[in-house]
Each structure stands twice: as structure tokens, then as C-alpha cells.
file target.tsv (TSV, C-alpha atoms and all ligand atoms)
chain	number	residue	atom	x	y	z
H	1	MET	CA	-0.58	-86.80	64.43
H	2	ASN	CA	-2.37	-85.18	61.56
H	3	LYS	CA	-6.07	-85.77	60.92
H	4	VAL	CA	-6.72	-86.02	57.20
H	5	TYR	CA	-9.65	-86.72	54.88
H	6	LEU	CA	-8.96	-88.41	51.56
H	7	GLY	CA	-11.28	-88.75	48.56
H	8	LEU	CA	-11.04	-91.83	46.35
H	9	GLY	CA	-12.58	-92.24	42.90
H	10	THR	CA	-12.48	-94.81	40.10
H	11	ASN	CA	-14.34	-95.42	36.84
H	12	MET	CA	-12.26	-97.97	34.92
H	13	GLY	CA	-12.03	-101.76	35.05
H	14	ASP	CA	-12.96	-103.56	38.27
H	15	ARG	CA	-13.85	-100.42	40.20
H	16	LEU	CA	-14.55	-102.11	43.54
H	17	ASN	CA	-11.25	-103.92	43.36
H	18	TYR	CA	-9.41	-100.65	42.70
H	19	LEU	CA	-11.02	-99.07	45.77
H	20	ASP	CA	-10.17	-102.13	47.89
H	21	SER	CA	-6.58	-102.20	46.65
H	22	ALA	CA	-6.12	-98.48	47.29
H	23	CYS	CA	-7.51	-98.84	50.84
H	24	GLU	CA	-5.21	-101.80	51.45
H	25	LEU	CA	-2.11	-99.92	50.23
H	26	ILE	CA	-3.05	-96.94	52.40
H	27	GLN	CA	-3.67	-99.19	55.43
H	28	ASN	CA	-0.33	-100.93	54.90
H	29	ASN	CA	1.62	-97.69	55.26
H	30	SER	CA	3.06	-97.79	58.79
H	31	LYS	CA	2.76	-93.99	59.05
H	32	ILE	CA	-0.98	-94.04	58.38
H	33	LYS	CA	-3.86	-95.29	60.45
H	34	VAL	CA	-7.27	-95.49	58.78
H	35	LEU	CA	-9.83	-94.33	61.35
H	36	LYS	CA	-13.05	-94.49	59.33
H	37	LYS	CA	-14.27	-95.42	55.87
H	38	SER	CA	-17.36	-93.88	54.30
H	39	LYS	CA	-19.89	-95.91	52.40
H	40	ILE	CA	-19.19	-96.43	48.71
H	41	TYR	CA	-21.28	-94.40	46.24
H	42	GLU	CA	-21.94	-94.85	42.55
H	43	THR	CA	-21.83	-91.43	40.95
H	44	LYS	CA	-22.42	-89.82	37.56
H	45	ALA	CA	-19.27	-88.33	36.06
H	46	TRP	CA	-18.81	-84.68	37.02
H	47	GLY	CA	-16.96	-82.12	34.90
H	48	TYR	CA	-16.19	-84.24	31.89
H	49	THR	CA	-19.50	-86.08	31.65
H	50	ASP	CA	-18.97	-88.31	28.60
H	51	GLN	CA	-17.47	-91.20	30.57
H	52	ALA	CA	-18.50	-94.14	32.74
H	53	ASP	CA	-20.00	-93.79	36.23
H	54	PHE	CA	-17.57	-93.62	39.14
H	55	LEU	CA	-17.38	-95.31	42.50
H	56	ASN	CA	-16.39	-92.78	45.16
H	57	MET	CA	-15.64	-92.98	48.85
H	58	CYS	CA	-13.76	-91.00	51.51
H	59	LEU	CA	-11.41	-92.01	54.32
H	60	GLU	CA	-10.61	-90.40	57.64
H	61	ILE	CA	-7.00	-91.11	58.50
H	62	GLU	CA	-4.37	-90.19	61.06
H	63	THR	CA	-0.83	-89.80	59.80
H	64	SER	CA	2.62	-88.64	60.82
H	65	LEU	CA	3.38	-87.77	57.18
H	66	ASN	CA	3.38	-84.09	56.31
H	67	GLU	CA	1.07	-82.88	53.53
H	68	TYR	CA	3.72	-83.06	50.76
H	69	ASP	CA	4.88	-86.56	51.70
H	70	LEU	CA	1.27	-87.67	51.87
H	71	LEU	CA	0.64	-86.27	48.36
H	72	GLU	CA	3.71	-88.14	47.10
H	73	PHE	CA	2.44	-91.33	48.73
H	74	CYS	CA	-1.02	-90.85	47.14
H	75	HIS	CA	0.68	-90.52	43.73
H	76	GLU	CA	2.67	-93.73	44.41
H	77	VAL	CA	-0.56	-95.59	45.15
H	78	GLU	CA	-2.13	-94.19	41.95
H	79	GLN	CA	0.91	-95.33	39.97
H	80	LYS	CA	0.82	-98.81	41.49
H	81	LEU	CA	-2.80	-99.04	40.40
H	82	ASN	CA	-1.95	-98.03	36.83
H	83	ARG	CA	-3.35	-94.53	36.93
H	84	GLU	CA	-2.58	-92.56	33.75
H	85	ARG	CA	-3.10	-88.81	33.41
H	86	ILE	CA	-4.53	-88.28	29.92
H	87	ILE	CA	-7.68	-86.15	29.97
H	88	ARG	CA	-8.38	-83.57	32.68
H	89	TRP	CA	-11.21	-84.98	34.79
H	90	GLY	CA	-11.17	-88.02	32.48
H	91	PRO	CA	-11.37	-91.79	33.17
H	92	ARG	CA	-9.03	-93.26	35.78
H	93	THR	CA	-8.38	-96.52	37.60
H	94	ILE	CA	-7.93	-94.59	40.84
H	95	ASP	CA	-7.71	-90.99	41.95
H	96	ILE	CA	-6.76	-89.99	45.48
H	97	ASP	CA	-7.29	-86.40	46.59
H	98	ILE	CA	-6.29	-84.81	49.89
H	99	LEU	CA	-9.51	-83.08	50.90
H	100	PHE	CA	-8.62	-81.73	54.36
H	101	PHE	CA	-5.35	-81.84	56.30
H	102	ASN	CA	-5.97	-80.76	59.91
H	103	ASP	CA	-7.38	-77.30	59.40
H	104	ILE	CA	-4.56	-75.96	57.28
H	105	ILE	CA	-5.17	-73.66	54.34
H	106	LEU	CA	-2.53	-74.12	51.68
H	107	LYS	CA	-2.45	-72.61	48.19
H	108	ASP	CA	0.66	-74.01	46.64
H	109	GLU	CA	1.34	-74.70	42.96
H	110	ASN	CA	1.15	-78.47	43.54
H	111	LEU	CA	-1.03	-78.69	46.59
H	112	TYR	CA	-4.24	-76.89	47.42
H	113	ILE	CA	-5.87	-77.65	50.79
H	114	PRO	CA	-8.78	-77.86	51.40
H	115	HIS	CA	-9.14	-79.38	47.93
H	116	PRO	CA	-10.51	-76.50	45.80
H	117	ARG	CA	-13.57	-78.24	44.33
H	118	ILE	CA	-15.09	-79.95	47.40
H	119	SER	CA	-18.01	-77.54	47.72
H	120	GLU	CA	-19.23	-78.18	44.15
H	121	ARG	CA	-18.98	-81.98	44.26
H	122	ALA	CA	-21.81	-84.05	45.69
H	123	PHE	CA	-19.62	-87.13	45.05
H	124	VAL	CA	-17.21	-85.78	47.70
H	125	LEU	CA	-19.63	-84.02	50.08
H	126	ILE	CA	-21.95	-87.03	50.51
H	127	PRO	CA	-19.25	-89.57	51.55
H	128	LEU	CA	-17.58	-86.89	53.71
H	129	MET	CA	-20.89	-86.48	55.55
H	130	ASP	CA	-20.61	-90.16	56.58
H	131	LEU	CA	-17.33	-89.31	58.33
H	132	ASN	CA	-17.70	-85.86	59.87
H	133	LYS	CA	-20.61	-83.47	59.28
H	134	LYS	CA	-18.82	-80.65	61.12
H	135	LEU	CA	-16.05	-80.16	58.53
H	136	LYS	CA	-15.95	-76.56	57.37
H	137	ILE	CA	-14.58	-74.52	54.50
H	138	LYS	CA	-14.64	-70.74	54.96
H	139	ASN	CA	-17.06	-70.89	57.90
H	140	LYS	CA	-19.62	-73.00	56.05
H	141	THR	CA	-20.19	-76.66	56.92
H	142	ILE	CA	-20.06	-79.37	54.29
H	143	GLU	CA	-23.75	-79.95	55.06
H	144	GLU	CA	-24.52	-76.36	54.06
H	145	TYR	CA	-22.56	-76.76	50.83
H	146	LEU	CA	-24.43	-79.97	50.10
H	147	ASN	CA	-27.77	-78.26	50.74
H	148	SER	CA	-26.87	-75.54	48.27
H	149	LEU	CA	-26.43	-78.06	45.44
H	150	THR	CA	-29.46	-78.82	43.26
H	151	CYS	CA	-31.57	-81.97	43.81
H	152	GLU	CA	-30.35	-83.15	40.42
H	153	GLU	CA	-26.71	-82.84	41.52
H	154	ARG	CA	-27.39	-84.74	44.75
H	155	GLU	CA	-29.33	-87.45	42.95
H	156	GLN	CA	-26.29	-88.22	40.82
H	157	VAL	CA	-24.78	-89.88	43.92
H	158	LYS	CA	-26.33	-93.17	45.02
H	159	GLU	CA	-25.22	-95.56	47.69
H	160	TYR	CA	-23.50	-98.49	45.99
H	161	VAL	CA	-24.94	-101.82	47.01
H	162	GLY	CA	-23.46	-104.09	44.35
H	163	ASP	CA	-25.82	-104.69	41.48
H	164	GLU	CA	-28.73	-102.93	43.14
H	165	GLU	CA	-28.91	-99.20	43.74
H	166	LYS	CA	-30.41	-97.37	46.68
H	167	PHE	CA	-31.15	-93.60	46.77
H	168	VAL	CA	-29.42	-91.72	49.60
Q	1	LIG	N1	-5.57	-81.36	47.61
Q	1	LIG	C1	-5.00	-82.00	46.59
Q	1	LIG	N2	-5.03	-83.36	46.51
Q	1	LIG	C2	-4.45	-84.02	45.46
Q	1	LIG	N3	-3.82	-83.40	44.44
Q	1	LIG	C3	-3.74	-82.05	44.48
Q	1	LIG	C4	-4.33	-81.31	45.54
Q	1	LIG	N4	-4.09	-79.98	45.31
Q	1	LIG	C5	-3.41	-79.91	44.20
Q	1	LIG	N5	-3.17	-81.13	43.67
Q	1	LIG	C6	-2.42	-81.35	42.45
Q	1	LIG	O1	-3.30	-81.66	41.40
Q	1	LIG	C7	-2.54	-82.39	40.45
Q	1	LIG	C8	-3.46	-83.08	39.48
Q	1	LIG	O2	-4.18	-84.04	40.18
Q	1	LIG	P1	-5.18	-84.99	39.44
Q	1	LIG	O3	-4.61	-85.43	38.14
Q	1	LIG	O4	-5.56	-86.06	40.43
Q	1	LIG	O5	-6.40	-84.00	39.15
Q	1	LIG	P2	-7.83	-84.44	38.84
Q	1	LIG	O6	-8.21	-85.50	39.83
Q	1	LIG	O7	-7.98	-84.78	37.39
Q	1	LIG	O8	-8.72	-83.16	39.12
Q	1	LIG	P3	-9.24	-82.60	40.48
Q	1	LIG	O9	-8.05	-81.99	41.17
Q	1	LIG	O10	-10.26	-81.58	40.06
Q	1	LIG	O11	-9.86	-83.70	41.29
Q	1	LIG	C9	-1.69	-83.30	41.28
Q	1	LIG	O12	-0.52	-83.67	40.66
Q	1	LIG	C10	-1.41	-82.48	42.53
Q	1	LIG	O13	-0.13	-81.90	42.51
Q	2	LIG	N1	-18.45	-88.66	39.75
Q	2	LIG	C1	-17.19	-88.30	39.67
Q	2	LIG	N2	-16.81	-87.44	38.72
Q	2	LIG	C2	-15.50	-87.07	38.64
Q	2	LIG	C3	-14.55	-87.60	39.55
Q	2	LIG	C4	-14.99	-88.52	40.52
Q	2	LIG	O1	-14.18	-89.05	41.34
Q	2	LIG	N3	-16.30	-88.85	40.55
Q	2	LIG	N4	-13.26	-87.21	39.47
Q	2	LIG	C5	-12.90	-86.30	38.59
Q	2	LIG	C6	-11.50	-85.82	38.58
Q	2	LIG	O2	-11.01	-85.60	39.80
Q	2	LIG	C7	-13.80	-85.73	37.59
Q	2	LIG	N5	-15.13	-86.18	37.71

call {"tool": "encode", "arguments": {"input": "target.tsv", "output": "C-alpha cells"}}
result
Amino acid sequence: MNKVYLGLGTNMGDRLNYLDSACELIQNNSKIKVLKKSKIYETKAWGYTDQADFLNMCLEIETSLNEYDLLEFCHEVEQKLNRERIIRWGPRTIDIDILFFNDIILKDENLYIPHPRISERAFVLIPLMDLNKKLKIKNKTIEEYLNSLTCEEREQVKEYVGDEEKFV
């Protein structure tokens, strides 16, 4: 069995419903077992900033799928949830990234593992910390990467508690 961490993000329509639907589709795959879910965070858009706030979360899963079949399955879920690829880093109903896959390092044209932008993204590092603080990229823990981000970057990620917001 492969131990995998997935990152989920959404900033269009009924965001909570898109996260729930994505989790349900992932859980319903007989080759995947969801071991843990992070909390949900409301996050300021990163990269392309002129767009609505996101909801982000991460999942720890176990799967018999290999990394390429898992990527294909993630794309199927995105398609089912009406994901369109228009602007790079632009608005989306759902985005599913493979963050870690066991401890493999893969630099393929279509698949980069660990996901190449984890260390810069508080919206990924903070939910990953809910799941496993010991995860490492190039000998540095995700906690160390998070500590090297600015306060401003970390403050752009708040625990989502419905209509109210709570600082993490
Ligand atoms: N670890 C990975 N997880 C998911 N997709 C990946 C990964 N590595 C490479 N890709 C490739 O990236 C392509 C573009 O993905 P996508 O449109 O979701 O990018 P994005 O979410 O806009 O940007 P980012 O990759 O910075 O999160 C996918 O078709 C996939 O082949
Ligand atoms: N806050 C936040 N910003 C983003 C996100 C995301 O999921 N959350 N996804 C992006 C493309 O992968 C680009 N920017």
C-alpha cells in the first residue's frame, strides 16, 4: 500500500460542497482508503491574487494505485466536479494535487513529486501539519518550511469555521 498526501482547493461556487463531493468521490474509490482529513482553511489566493478566497484541506490516504493512475483518478474527480483549466493558478471548482507519494522523488513532464510548490504555500503546509508534522522535503520538515514563511503569508490561512473565522 502506498501512503499519499493530497491537497484539495476550491474557490468557486459552493466551496464546502465541492470539498465534500471530492472527499466522497475519493472515499468511494475501492482502491483508496482515506486515513485522515485535515481541518478546512479559508485562504487568500496565492500566485494569481485577483480572485476569490479559497477553501483548502489535505488528506492522508492509503492506495494500491500507482502515482500515474492516482493522477488520472484525481483528474477524473476534477472533471466530474466541472473543473476547467483556463488561467494558470486561476479560479477553480476543485483542484487536487498529489503532494507526497511514499517518499518517492519524481520529476516527470506530467508528474512532479513531492509537488514542487509545497514549501512556498502556507495553504498547503498548514493543513499538512494537521496530518503529519514529520513530512520532509530535502531534509527539511514541513514545520521548518512553514516557519520560514513570513507572518503575513501564514496569516493568509485561517481555520474555516463556517461564517466565523478563527486565527490559527
Ligand atoms: N504532484 C502533482 N499533482 C498534481 N498534478 C501535477 C503534479 N505534478 C505535475 N502535475 C501536473 O500539473 C498539471 C497542471 O495541474 P493543475 O492545472 O492542477 O495546476 P495548478 O493547480 O494550476 O498549479 P499548481 O501545480 O501550481 O498547483 C497536471 O495536468 C499534472 O499533469
Ligand atoms: N489560497 C490558494 N491559492 C491558490 C490555490 C489554492 O488552492 N489556494 N491554488 C492555486 C493553483 O494550484 C493557486 N493559488

call {"tool": "residues_near_ligand", "arguments": {"input": "target.tsv", "ligand": "ligand LIG 1 (chain Q)", "cutoff": "10 Å", "atoms": "all atoms listed in the file", "output": "PyMOL selection string"}}
result
chain H and resi 5-9+46-48+67-68+70-72+74-75+78+83-92+94-101+106-118+121+124

call {"tool": "atom_distance", "arguments": {"input": "target.tsv", "atom1": "atom N2 of ligand LIG 2 (chain Q)", "atom2": "atom CA of Lys133 of chain H"}}
result
21.3 Å

call {"tool": "atom_distance", "arguments": {"input": "target.tsv", "atom1": "atom CA of Ile105 of chain H", "atom2": "atom CA of Thr93 of chain H"}}
result
28.5 Å

call {"tool": "closest_residue", "arguments": {"input": "target.tsv", "among": "H:Leu65, H:Ile137, H:Ile32, H:Ile40", "to": "ligand LIG 2 (chain Q)", "atoms": "all atoms listed in the file"}}
result
H:Ile40

call {"tool": "atom_distance", "arguments": {"input": "target.tsv", "atom1": "atom CA of Gln156 of chain H", "atom2": "atom CA of Thr49 of chain H"}}
result
11.6 Å

call {"tool": "closest_residue", "arguments": {"input": "target.tsv", "among": "H:Asn56, H:Gln51, H:Ser38, H:Ser21", "to": "ligand LIG 2 (chain Q)", "atoms": "all atoms listed in the file"}}
result
H:Asn56

call {"tool": "axis_aligned_box", "arguments": {"input": "target.tsv", "around": "segment 30-36 of chain H", "padding_each_side": "6 Å", "output": "JSON"}}
result
{"center_x": -5.0, "center_y": -95.9, "center_z": 59.9, "size_x": 28.1, "size_y": 15.8, "size_z": 15.0}

call {"tool": "residues_around", "arguments": {"input": "target.tsv", "residues": "Asn17 of chain H", "least_positions_apart": "5", "cutoff": "12 Å", "atoms": "all atoms listed in the file", "output": "count of residues only"}}
result
11

call {"tool": "closest_residue", "arguments": {"input": "target.tsv", "among": "H:Lys140, H:Lys31, H:Lys37, H:Arg15", "to": "ligand LIG 2 (chain Q)", "atoms": "only C-alpha atoms and all ligand atoms"}}
result
H:Arg15

call {"tool": "build_atoms", "arguments": {"input": "target.tsv", "residues": "segment 46-60 of chain H", "atoms": "N, CA and C atoms", "output": "mmCIF file, keeping the file's coordinate frame"}}
result
data_model
loop_
_atom_site.group_PDB
_atom_site.id
_atom_site.type_symbol
_atom_site.label_atom_id
_atom_site.label_comp_id
_atom_site.auth_asym_id
_atom_site.auth_seq_id
_atom_site.Cartn_x
_atom_site.Cartn_y
_atom_site.Cartn_z
ATOM 1 N N TRP H 46 -18.709 -86.139 36.820
ATOM 2 C CA TRP H 46 -18.810 -84.680 37.020
ATOM 3 C C TRP H 46 -17.718 -84.017 36.185
ATOM 4 N N GLY H 47 -18.000 -82.863 35.623
ATOM 5 C CA GLY H 47 -16.960 -82.120 34.900
ATOM 6 C C GLY H 47 -16.861 -82.541 33.451
ATOM 7 N N TYR H 48 -16.264 -83.658 33.230
ATOM 8 C CA TYR H 48 -16.190 -84.240 31.890
ATOM 9 C C TYR H 48 -17.180 -85.401 31.917
ATOM 10 N N THR H 49 -18.383 -85.156 31.358
ATOM 11 C CA THR H 49 -19.500 -86.080 31.650
ATOM 12 C C THR H 49 -19.593 -87.279 30.708
ATOM 13 N N ASP H 50 -18.858 -87.222 29.585
ATOM 14 C CA ASP H 50 -18.970 -88.310 28.600
ATOM 15 C C ASP H 50 -18.037 -89.461 28.974
ATOM 16 N N GLN H 51 -18.297 -90.073 30.108
ATOM 17 C CA GLN H 51 -17.470 -91.200 30.570
ATOM 18 C C GLN H 51 -18.290 -92.027 31.555
ATOM 19 N N ALA H 52 -17.756 -93.194 31.893
ATOM 20 C CA ALA H 52 -18.500 -94.140 32.740
ATOM 21 C C ALA H 52 -18.715 -93.597 34.160
ATOM 22 N N ASP H 53 -19.728 -94.160 34.835
ATOM 23 C CA ASP H 53 -20.000 -93.790 36.230
ATOM 24 C C ASP H 53 -18.806 -94.159 37.121
ATOM 25 N N PHE H 54 -18.656 -93.399 38.179
ATOM 26 C CA PHE H 54 -17.570 -93.620 39.140
ATOM 27 C C PHE H 54 -18.079 -94.381 40.368
ATOM 28 N N LEU H 55 -17.149 -94.983 41.093
ATOM 29 C CA LEU H 55 -17.380 -95.310 42.500
ATOM 30 C C LEU H 55 -16.526 -94.325 43.284
ATOM 31 N N ASN H 56 -17.124 -93.729 44.302
ATOM 32 C CA ASN H 56 -16.390 -92.780 45.160
ATOM 33 C C ASN H 56 -16.558 -93.136 46.626
ATOM 34 N N MET H 57 -15.548 -92.844 47.394
ATOM 35 C CA MET H 57 -15.640 -92.980 48.850
ATOM 36 C C MET H 57 -14.617 -92.031 49.487
ATOM 37 N N CYS H 58 -14.730 -91.825 50.790
ATOM 38 C CA CYS H 58 -13.760 -91.000 51.510
ATOM 39 C C CYS H 58 -13.230 -91.769 52.721
ATOM 40 N N LEU H 59 -12.030 -91.407 53.135
ATOM 41 C CA LEU H 59 -11.410 -92.010 54.320
ATOM 42 C C LEU H 59 -11.022 -90.927 55.310
ATOM 43 N N GLU H 60 -11.175 -91.255 56.585
ATOM 44 C CA GLU H 60 -10.610 -90.400 57.640
ATOM 45 C C GLU H 60 -9.378 -91.124 58.142
#
